[in-house]
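structure-v8.csv (CSV, C-alpha atoms)
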chain,number,residue,atom,x,y,z
A,1,MET,CA,-34.3,-125.4,109.8
A,2,PHE,CA,-32.9,-124.7,113.3
A,3,LYS,CA,-29.5,-126.2,112.3
A,4,ARG,CA,-29.3,-124.0,109.2
A,5,ASN,CA,-30.1,-120.8,111.3
A,6,LEU,CA,-27.6,-121.8,113.9
A,7,SER,CA,-24.9,-122.3,111.3
A,8,ILE,CA,-25.7,-118.9,109.7
A,9,ALA,CA,-25.6,-117.2,113.1
A,10,LEU,CA,-22.3,-118.9,113.9
A,11,ALA,CA,-20.7,-117.9,110.6
A,12,CYS,CA,-21.8,-114.3,111.3
A,13,ALA,CA,-20.4,-114.3,114.8
A,14,VAL,CA,-17.0,-115.7,113.6
A,15,SER,CA,-16.8,-113.1,110.8
A,16,LEU,CA,-17.6,-110.3,113.3
A,17,LEU,CA,-14.9,-111.5,115.6
A,18,LEU,CA,-12.4,-111.6,112.8
A,19,VAL,CA,-13.2,-108.0,111.9
A,20,ALA,CA,-13.0,-106.9,115.6
A,21,VAL,CA,-9.5,-108.3,115.9
A,22,ASN,CA,-8.3,-106.1,113.1
A,23,ALA,CA,-10.0,-103.1,114.7
A,24,PHE,CA,-8.3,-103.5,118.1
A,25,ALA,CA,-4.9,-104.4,116.6
A,26,ALA,CA,-4.7,-101.1,114.6
A,27,ASP,CA,-2.2,-98.5,115.8
A,28,GLY,CA,-3.8,-95.1,116.5
A,29,ALA,CA,-1.3,-93.2,114.5
A,30,ALA,CA,-1.4,-95.5,111.5
A,31,ASP,CA,-2.9,-94.5,108.1
A,32,ASN,CA,-6.3,-96.1,107.6
A,33,THR,CA,-6.2,-95.9,103.8
A,34,ASN,CA,-5.2,-99.5,103.3
A,35,THR,CA,-7.7,-100.7,105.8
A,36,VAL,CA,-10.6,-98.8,104.2
A,37,ALA,CA,-9.5,-100.0,100.7
A,38,GLY,CA,-9.4,-103.5,102.0
A,39,TYR,CA,-12.9,-103.3,103.4
A,40,LEU,CA,-14.2,-101.8,100.2
A,41,ALA,CA,-12.6,-104.6,98.2
A,42,LEU,CA,-14.1,-107.1,100.6
A,43,ALA,CA,-17.6,-105.5,100.3
A,44,ALA,CA,-17.4,-105.4,96.5
A,45,GLY,CA,-16.4,-109.1,96.3
A,46,LEU,CA,-18.8,-110.4,98.9
A,47,GLY,CA,-21.7,-108.3,97.5
A,48,LEU,CA,-21.2,-109.4,94.0
A,49,GLY,CA,-20.7,-113.1,95.0
A,50,LEU,CA,-23.9,-113.1,97.1
A,51,ALA,CA,-25.9,-111.4,94.4
A,52,ALA,CA,-24.7,-113.8,91.8
A,53,ALA,CA,-25.5,-116.8,94.0
A,54,GLY,CA,-28.9,-115.4,94.9
A,55,GLY,CA,-29.7,-114.6,91.3
A,56,ALA,CA,-28.7,-118.1,90.3
A,57,VAL,CA,-30.9,-119.7,92.9
A,58,GLY,CA,-33.8,-117.4,91.9
A,59,GLN,CA,-33.4,-118.1,88.2
A,60,GLY,CA,-33.2,-121.9,88.9
A,61,LYS,CA,-36.4,-121.8,90.8
A,62,ALA,CA,-38.2,-119.7,88.3
A,63,ALA,CA,-37.1,-121.9,85.4
A,64,SER,CA,-38.0,-125.0,87.4
A,65,ALA,CA,-41.5,-123.8,88.1
A,66,ALA,CA,-42.1,-122.7,84.5
A,67,LEU,CA,-40.9,-126.1,83.2
A,68,GLU,CA,-43.0,-128.0,85.7
A,69,GLY,CA,-46.0,-126.0,84.6
A,70,ILE,CA,-45.3,-126.7,81.0
A,71,GLY,CA,-44.8,-130.4,81.9
A,72,ARG,CA,-48.2,-130.6,83.6
A,73,ASN,CA,-50.0,-128.6,80.9
A,74,PRO,CA,-48.1,-128.5,77.5
A,75,ALA,CA,-50.8,-126.3,76.0
A,76,ALA,CA,-49.9,-123.5,78.4
A,77,ALA,CA,-46.3,-123.2,77.1
A,78,LYS,CA,-47.0,-120.0,75.2
A,79,GLU,CA,-48.7,-118.4,78.2
A,80,LEU,CA,-45.8,-119.3,80.5
A,81,PHE,CA,-42.9,-118.4,78.3
A,82,THR,CA,-43.3,-114.6,78.4
A,83,PRO,CA,-43.7,-114.2,82.2
A,84,MET,CA,-40.8,-116.6,82.7
A,85,LEU,CA,-38.5,-114.6,80.5
A,86,LEU,CA,-39.6,-111.4,82.2
A,87,SER,CA,-39.0,-112.8,85.6
A,88,LEU,CA,-35.5,-114.1,84.6
A,89,ALA,CA,-34.7,-110.6,83.2
A,90,LEU,CA,-35.7,-108.9,86.4
A,91,ILE,CA,-33.7,-111.3,88.5
A,92,GLU,CA,-30.7,-110.8,86.3
A,93,SER,CA,-31.1,-107.0,86.6
A,94,LEU,CA,-30.5,-107.2,90.3
A,95,VAL,CA,-27.2,-109.0,89.7
A,96,ILE,CA,-26.2,-106.3,87.2
A,97,TYR,CA,-27.0,-103.6,89.8
A,98,SER,CA,-24.6,-105.3,92.2
A,99,LEU,CA,-22.0,-105.4,89.5
A,100,VAL,CA,-22.4,-101.6,89.0
A,101,ILE,CA,-22.0,-101.1,92.8
A,102,ALA,CA,-18.9,-103.3,92.7
A,103,PHE,CA,-17.5,-101.1,90.0
A,104,ILE,CA,-18.3,-98.0,92.0
A,105,LEU,CA,-16.6,-99.4,95.0
A,106,SER,CA,-13.5,-100.4,93.0
A,107,GLY,CA,-13.3,-96.8,91.7
A,108,LYS,CA,-13.3,-95.6,95.3
A,109,ILE,CA,-10.5,-98.1,96.0
A,110,ASP,CA,-8.5,-96.6,93.2
A,111,GLY,CA,-9.2,-93.1,94.5
A,112,LEU,CA,-7.9,-94.0,98.0
A,113,ALA,CA,-4.7,-95.6,96.5
A,114,LYS,CA,-3.7,-92.3,94.9
As structure tokens - that is how I would like this structure written.
Amino acid sequence: MFKRNLSIALACAVSLLLVAVNAFAADGAADNTNTVAGYLALAAGLGLGLAAAGGAVGQGKAASAALEGIGRNPAAAKELFTPMLLSLALIESLVIYSLVIAFILSGKIDGLAK
């Protein structure tokens, strides 16, 4: 657990340092439109990727738990099916919300490019 937290902290620190280099390298008189558009594109891509990965993990755990419950008690299959489908739909709705946010951010990128 400690190694996992350390690797996450290290990845965050490295990504923060990469962003800081771009901030200090910028010229004061330069136009920031491309920089903002780049960060919006990065936010849309990372947000959608993380949401899809998190949704996939959540759906995998939900399906695994439901199938394990059915395996232990096959008579409970009808009682487990509806809550499992409901939970999978709610998990997928969160991924769809992130897709909508990615579309909104891509619209802002198009607005900055004009």
Neighbour list for A:Val95 as a ChimeraX atom specification, cut-off 10 Å, all atoms listed in the file, skip fewer than 5 positions in-chain: /A:47-56,90,100-101
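Residues with at least one atom no more than 6 Å from (-13.1, -100.6, 97.5), using only C-alpha atoms, are Ala37, Leu40, Ala41, Leu105, Ser106, Lys108 and Ile109 of chain A.
Shortest atom-to-atom contact with A:Leu85 among A:Ser98, A:Asn34, A:Gln59, A:Asn73: A:Gln59, counting all atoms listed in the file.
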Atom CA of A:Arg4 to atom CA of A:Gly58, distance in Å rounded to a single decimal: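 One can read the atom CA of A:Arg4 to atom CA of A:Gly58 distance as 19.1 Å.
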